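For reference, the structure discussed in these notes is given below.
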Amino acid sequence: MTENKIDALIKRVFHATGISSQSELARELEINRSGITHARNNNKIPDKWIVKLYKNFGFNPQWLESGIGKTFINTNSQGDVEFKYIPKVAARLSAGTGSFESEENITDYLSFQTKWLAGKGAANSMVAMEVFGQSMEPVIKEGDTVLIDQSQKKILAGAIYAVGVEDTILIKRLEKHPDKLVLSSENKDYEPIYLQREETDKVRIIGKIIWSCREYR
C-alpha cells in the first residue's frame, strides 16, 4: 500500500530537522494541529507548506514533495554559487484595466543567485507573478513575469509597484503627492489614475517590482 503523502513528508522533515512531534511541525507551519490531520485525509501536500518549509529551513521543494533530489537548496553543480528558489503563483497581475485571479497554488519555482537577490531586497518576501494587460508596455508587456519584493512597500517616486485597488491588482509607477497618489502607466493610451488622500486607504501596496522577464513564443 502506498504511503500517505503527508506521512512521508513528516518523516522526511522530522529526520532532516530534528522536529519530533506533529504539534511542533504545526507551529513551524503556523497552522493548527488539525490542519495536519485535514491534509492527511486529503492525501495532498498544501503548497503553503512547501513555501513555509523552504523559507524556514531552505529545503528543496522537489525533495519536500517527492523525496527526490537534494534535501537543501545550497549550491549548483558547477561551483559554490548559491541559489534560491522563488515561488511563482497563479495569481494574475493586471497592467491594464485589470482583472484579478487568485489561486493559492504554486505553479512553478524560479531560480536566482542568492547574492543577486540579496542586493535587490528580501528574498524570503519575494514572489513571481504573470502580467496581464498592456498599460505598462513597452517596459513590461502582457505575458511577462515579474518579481515582487513584498517587503518593499515604501513608495519611491517613479518606481514600479504591484498595487491592489479594491479587487484589482495593477502594475503602475507610483508618485506620492501631499494630497494624492498618482498611478501612472508607460502606455500613453492609458490615463494616470489619481487617488485623493481620502481614497488612498483603498490602496494596498503589495510590493516593489524588482525584475521582469519575457518568454518569446
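Chains: A, B, ... in order of the C-alpha cells. Residues: from 1 per chain. Ligands: from 1, in order shown.
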I'd like the neighbourhood of Asp201 in chain A as an MDAnalysis selection string, where a residue qualifies if any of its atoms comes within 12 Å (using only C-alpha atoms), though same-chain residues fewer than 4 positions away should be ignored.
chainID A and resid 164:166 180:181 195:197 205
May I have the selected residues written with N, CA and C atoms, as a PDB file, in the first residue's frame?
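Saved to result.pdb:
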```
ATOM      1  N   GLY A 164      -2.776  46.805  -5.084  1.00  0.00           N
ATOM      2  CA  GLY A 164      -4.135  46.310  -5.013  1.00  0.00           C
ATOM      3  C   GLY A 164      -5.103  47.466  -4.839  1.00  0.00           C
ATOM      4  N   VAL A 165      -6.020  47.608  -5.771  1.00  0.00           N
ATOM      5  CA  VAL A 165      -7.053  48.634  -5.691  1.00  0.00           C
ATOM      6  C   VAL A 165      -8.396  47.910  -5.721  1.00  0.00           C
ATOM      7  N   GLU A 166      -9.057  47.883  -4.564  1.00  0.00           N
ATOM      8  CA  GLU A 166     -10.287  47.114  -4.396  1.00  0.00           C
ATOM      9  C   GLU A 166     -10.013  45.652  -4.772  1.00  0.00           C
ATOM     10  N   LYS A 180      -2.487  63.522  -2.799  1.00  0.00           N
ATOM     11  CA  LYS A 180      -2.986  62.454  -3.666  1.00  0.00           C
ATOM     12  C   LYS A 180      -1.876  61.466  -4.007  1.00  0.00           C
ATOM     13  N   LEU A 181      -2.317  60.319  -4.531  1.00  0.00           N
ATOM     14  CA  LEU A 181      -1.409  59.288  -5.023  1.00  0.00           C
ATOM     15  C   LEU A 181      -1.657  59.129  -6.510  1.00  0.00           C
ATOM     16  N   LEU A 195      -5.659  59.284  -7.071  1.00  0.00           N
ATOM     17  CA  LEU A 195      -6.409  58.929  -5.872  1.00  0.00           C
ATOM     18  C   LEU A 195      -6.196  60.022  -4.828  1.00  0.00           C
ATOM     19  N   GLN A 196      -7.281  60.646  -4.422  1.00  0.00           N
ATOM     20  CA  GLN A 196      -7.191  61.692  -3.416  1.00  0.00           C
ATOM     21  C   GLN A 196      -6.845  61.084  -2.056  1.00  0.00           C
ATOM     22  N   ARG A 197      -6.399  61.926  -1.144  1.00  0.00           N
ATOM     23  CA  ARG A 197      -5.920  61.454   0.161  1.00  0.00           C
ATOM     24  C   ARG A 197      -6.945  60.556   0.855  1.00  0.00           C
ATOM     25  N   ILE A 205      -0.395  48.503  -1.119  1.00  0.00           N
ATOM     26  CA  ILE A 205       0.889  48.327  -1.795  1.00  0.00           C
ATOM     27  C   ILE A 205       1.346  46.895  -1.561  1.00  0.00           C
TER      28      ILE A 205
END
```
Compile the contact shell of Val13 in chain A as a list in words: residues with an atom at most 12 Å away, counting only C-alpha atoms, same-chain residues fewer than 6 positions apart removed.
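Skipping anything fewer than 6 positions along the chain leaves Ile6, Asp7, Ile19, Ser20, Ser21, Gln22, Glu24, Leu25, Ala26, Glu28, Leu29, Trp49, Ile50, Leu53, Tyr54, Asn56, Phe57, Gly58, Phe59, Asn60, Pro61, Trp63, Leu64, Glu65, Ser66, Gly67, Thr71 and Phe72 of chain A.
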For Tyr85 in chain A, work out the shell of residues within 8 Å, counting only C-alpha atoms and skipping chain neighbours fewer than 6 positions away, then give it as a compact mmCIF listing (two decimals) with N, CA and C atoms, in the first residue's frame.
```txt
# COMPACT_ATOMS: atom_id res chain seq x y z
N ILE A 73 18.48 23.44 -0.71
CA ILE A 73 18.91 24.26 -1.83
C ILE A 73 20.13 25.03 -1.37
N TYR A 109 8.67 27.31 -9.71
CA TYR A 109 9.70 27.98 -8.92
C TYR A 109 10.74 28.56 -9.88
N LEU A 110 11.17 29.78 -9.62
CA LEU A 110 12.21 30.41 -10.41
C LEU A 110 13.49 30.47 -9.59
N SER A 111 14.60 30.14 -10.21
CA SER A 111 15.88 30.08 -9.50
C SER A 111 16.69 31.35 -9.75
N PHE A 112 17.19 31.95 -8.66
CA PHE A 112 18.01 33.16 -8.74
C PHE A 112 19.24 33.00 -7.85
```
I need the residues in range 14-208 of chain A that are strand (DSSP E) according to DSSP; give them as a PyMOL selection string.
chain A and resi 83-94+106-113+126-132+145-149+160-165+168-176+180-184+193-196+203-208
I'd like the neighbourhood of Gly119 in chain A as a list in words, where a residue qualifies if any of its atoms comes within 12 Å (using only C-alpha atoms), though same-chain residues fewer than 6 positions away should be ignored.
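Within the cut-off, the hits are Phe112, Gln113, Asp149 and Ile210 of chain A.
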For Lys70 in chain A, the nearest of the candidates A:Ala123, A:Ala16, A:Ile10, A:Val51, counting only C-alpha atoms
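Closest to Lys70 in chain A, using only C-alpha atoms: A:Ala16.
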Excluding same-chain residues fewer than 6 positions from Glu130 in chain A, what lies within 12 Å of it counting only C-alpha atoms, as a PDB file with N, CA and C atoms, in the first residue's frame?
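around13.pdb written:
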```pdb
ATOM      1  N   PRO A  87       8.890  31.223  -5.390  1.00  0.00           N
ATOM      2  CA  PRO A  87       7.652  30.647  -5.912  1.00  0.00           C
ATOM      3  C   PRO A  87       6.966  31.563  -6.920  1.00  0.00           C
ATOM      4  N   LYS A  88       6.460  30.959  -7.990  1.00  0.00           N
ATOM      5  CA  LYS A  88       5.603  31.667  -8.935  1.00  0.00           C
ATOM      6  C   LYS A  88       4.183  31.197  -8.677  1.00  0.00           C
ATOM      7  N   VAL A  89       3.290  32.140  -8.414  1.00  0.00           N
ATOM      8  CA  VAL A  89       1.932  31.785  -8.010  1.00  0.00           C
ATOM      9  C   VAL A  89       0.940  32.068  -9.128  1.00  0.00           C
ATOM     10  N   ALA A  90      -0.213  31.464  -9.018  1.00  0.00           N
ATOM     11  CA  ALA A  90      -1.218  31.557 -10.069  1.00  0.00           C
ATOM     12  C   ALA A  90      -2.130  32.758  -9.897  1.00  0.00           C
ATOM     13  N   ALA A  91      -1.721  33.718  -9.064  1.00  0.00           N
ATOM     14  CA  ALA A  91      -2.427  34.995  -9.048  1.00  0.00           C
ATOM     15  C   ALA A  91      -1.988  35.758 -10.278  1.00  0.00           C
ATOM     16  N   ARG A  92      -2.862  36.565 -10.823  1.00  0.00           N
ATOM     17  CA  ARG A  92      -2.532  37.289 -12.037  1.00  0.00           C
ATOM     18  C   ARG A  92      -2.540  38.785 -11.775  1.00  0.00           C
ATOM     19  N   LEU A  93      -1.449  39.434 -12.139  1.00  0.00           N
ATOM     20  CA  LEU A  93      -1.362  40.869 -12.013  1.00  0.00           C
ATOM     21  C   LEU A  93      -1.909  41.511 -13.277  1.00  0.00           C
ATOM     22  N   SER A  94      -2.566  42.628 -13.109  1.00  0.00           N
ATOM     23  CA  SER A  94      -3.094  43.338 -14.257  1.00  0.00           C
ATOM     24  C   SER A  94      -2.251  44.568 -14.522  1.00  0.00           C
ATOM     25  N   ALA A  95      -1.923  44.794 -15.787  1.00  0.00           N
ATOM     26  CA  ALA A  95      -1.235  46.025 -16.169  1.00  0.00           C
ATOM     27  C   ALA A  95      -2.123  46.831 -17.092  1.00  0.00           C
ATOM     28  N   PHE A 100      -8.438  40.306 -11.640  1.00  0.00           N
ATOM     29  CA  PHE A 100      -7.709  39.709 -10.526  1.00  0.00           C
ATOM     30  C   PHE A 100      -8.133  38.278 -10.351  1.00  0.00           C
ATOM     31  N   GLU A 101      -7.188  37.373 -10.517  1.00  0.00           N
ATOM     32  CA  GLU A 101      -7.447  35.973 -10.303  1.00  0.00           C
ATOM     33  C   GLU A 101      -6.446  35.484  -9.277  1.00  0.00           C
ATOM     34  N   SER A 102      -6.921  34.939  -8.198  1.00  0.00           N
ATOM     35  CA  SER A 102      -6.014  34.497  -7.154  1.00  0.00           C
ATOM     36  C   SER A 102      -6.262  33.041  -6.824  1.00  0.00           C
ATOM     37  N   THR A 107       2.575  27.474  -9.114  1.00  0.00           N
ATOM     38  CA  THR A 107       2.667  26.856 -10.428  1.00  0.00           C
ATOM     39  C   THR A 107       4.098  26.480 -10.800  1.00  0.00           C
ATOM     40  N   ASP A 108       5.068  27.135 -10.175  1.00  0.00           N
ATOM     41  CA  ASP A 108       6.457  26.892 -10.574  1.00  0.00           C
ATOM     42  C   ASP A 108       7.384  27.538  -9.547  1.00  0.00           C
ATOM     43  N   ILE A 140       7.006  46.742 -19.595  1.00  0.00           N
ATOM     44  CA  ILE A 140       6.517  45.426 -19.175  1.00  0.00           C
ATOM     45  C   ILE A 140       5.347  45.068 -20.081  1.00  0.00           C
ATOM     46  N   LYS A 141       5.457  43.931 -20.753  1.00  0.00           N
ATOM     47  CA  LYS A 141       4.435  43.539 -21.718  1.00  0.00           C
ATOM     48  C   LYS A 141       3.524  42.458 -21.146  1.00  0.00           C
ATOM     49  N   GLU A 142       2.368  42.336 -21.780  1.00  0.00           N
ATOM     50  CA  GLU A 142       1.439  41.284 -21.385  1.00  0.00           C
ATOM     51  C   GLU A 142       2.108  39.923 -21.552  1.00  0.00           C
ATOM     52  N   GLY A 143       2.004  39.085 -20.536  1.00  0.00           N
ATOM     53  CA  GLY A 143       2.641  37.771 -20.563  1.00  0.00           C
ATOM     54  C   GLY A 143       3.985  37.720 -19.880  1.00  0.00           C
ATOM     55  N   ASP A 144       4.553  38.891 -19.564  1.00  0.00           N
ATOM     56  CA  ASP A 144       5.819  38.916 -18.828  1.00  0.00           C
ATOM     57  C   ASP A 144       5.615  38.381 -17.407  1.00  0.00           C
ATOM     58  N   THR A 145       6.704  37.891 -16.853  1.00  0.00           N
ATOM     59  CA  THR A 145       6.714  37.501 -15.439  1.00  0.00           C
ATOM     60  C   THR A 145       7.491  38.549 -14.662  1.00  0.00           C
ATOM     61  N   VAL A 146       6.931  38.996 -13.552  1.00  0.00           N
ATOM     62  CA  VAL A 146       7.602  39.998 -12.721  1.00  0.00           C
ATOM     63  C   VAL A 146       7.916  39.404 -11.358  1.00  0.00           C
ATOM     64  N   LEU A 147       8.980  39.919 -10.763  1.00  0.00           N
ATOM     65  CA  LEU A 147       9.387  39.511  -9.421  1.00  0.00           C
ATOM     66  C   LEU A 147       9.060  40.653  -8.466  1.00  0.00           C
ATOM     67  N   ILE A 148       8.291  40.338  -7.434  1.00  0.00           N
ATOM     68  CA  ILE A 148       7.809  41.350  -6.496  1.00  0.00           C
ATOM     69  C   ILE A 148       8.434  41.109  -5.130  1.00  0.00           C
ATOM     70  N   ALA A 162       3.429  46.657  -7.584  1.00  0.00           N
ATOM     71  CA  ALA A 162       2.168  45.927  -7.691  1.00  0.00           C
ATOM     72  C   ALA A 162       1.250  46.517  -6.633  1.00  0.00           C
ATOM     73  N   ILE A 169      -5.558  44.012  -9.035  1.00  0.00           N
ATOM     74  CA  ILE A 169      -4.129  44.252  -8.818  1.00  0.00           C
ATOM     75  C   ILE A 169      -3.561  44.880 -10.085  1.00  0.00           C
ATOM     76  N   LEU A 170      -2.922  46.016  -9.920  1.00  0.00           N
ATOM     77  CA  LEU A 170      -2.356  46.757 -11.037  1.00  0.00           C
ATOM     78  C   LEU A 170      -0.844  46.856 -10.891  1.00  0.00           C
ATOM     79  N   ILE A 171      -0.154  47.014 -12.032  1.00  0.00           N
ATOM     80  CA  ILE A 171       1.268  47.352 -12.019  1.00  0.00           C
ATOM     81  C   ILE A 171       1.373  48.776 -12.540  1.00  0.00           C
ATOM     82  N   ILE A 209       8.255  46.064  -7.792  1.00  0.00           N
ATOM     83  CA  ILE A 209       8.715  45.210  -8.896  1.00  0.00           C
ATOM     84  C   ILE A 209      10.220  45.393  -9.028  1.00  0.00           C
ATOM     85  N   TRP A 211      12.227  43.042 -10.918  1.00  0.00           N
ATOM     86  CA  TRP A 211      12.771  42.307 -12.071  1.00  0.00           C
ATOM     87  C   TRP A 211      11.613  41.833 -12.922  1.00  0.00           C
ATOM     88  N   SER A 212      11.861  41.702 -14.221  1.00  0.00           N
ATOM     89  CA  SER A 212      10.849  41.108 -15.110  1.00  0.00           C
ATOM     90  C   SER A 212      11.559  40.323 -16.196  1.00  0.00           C
ATOM     91  N   CYS A 213      10.839  39.338 -16.745  1.00  0.00           N
ATOM     92  CA  CYS A 213      11.406  38.541 -17.827  1.00  0.00           C
ATOM     93  C   CYS A 213      10.323  38.313 -18.874  1.00  0.00           C
ATOM     94  N   ARG A 214      10.771  38.000 -20.088  1.00  0.00           N
ATOM     95  CA  ARG A 214       9.852  37.804 -21.209  1.00  0.00           C
ATOM     96  C   ARG A 214      10.188  36.493 -21.917  1.00  0.00           C
ATOM     97  N   GLU A 215       9.180  35.698 -22.086  1.00  0.00           N
ATOM     98  CA  GLU A 215       9.352  34.443 -22.806  1.00  0.00           C
ATOM     99  C   GLU A 215       8.854  34.639 -24.240  1.00  0.00           C
TER     100      GLU A 215
END
```
Running DSSP on the backbone, which parts of range 3-204 of chain A land in helix (DSSP H, G or I), as a PyMOL selection string?
chain A and resi 5-17+22-29+33-42+47-57+61-66+114-120+123-125+197-202
Counting only C-alpha atoms, figure out which residue out of A:Asn41, A:Thr168, A:Asn187, A:Asn32 gets nearest to Asn4 in chain A.
A:Asn41
In Å to one decimal, how far is CA of His177 in chain A from CA of Lys153 in chain A?
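Separation of CA of Lys153 in chain A and CA of His177 in chain A: 16.0 Å.
Interatomic distance, CA of Ile155 in chain A to CA of Lys172 in chain A: 11.5 Å.
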Could you check the closest approach to Trp116 in chain A for each of A:Phe132, A:Phe83, A:Tyr161, A:Phe14 and tell me which residue wins, using only C-alpha atoms?
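Smallest separation from Trp116 in chain A among the options: A:Phe83.
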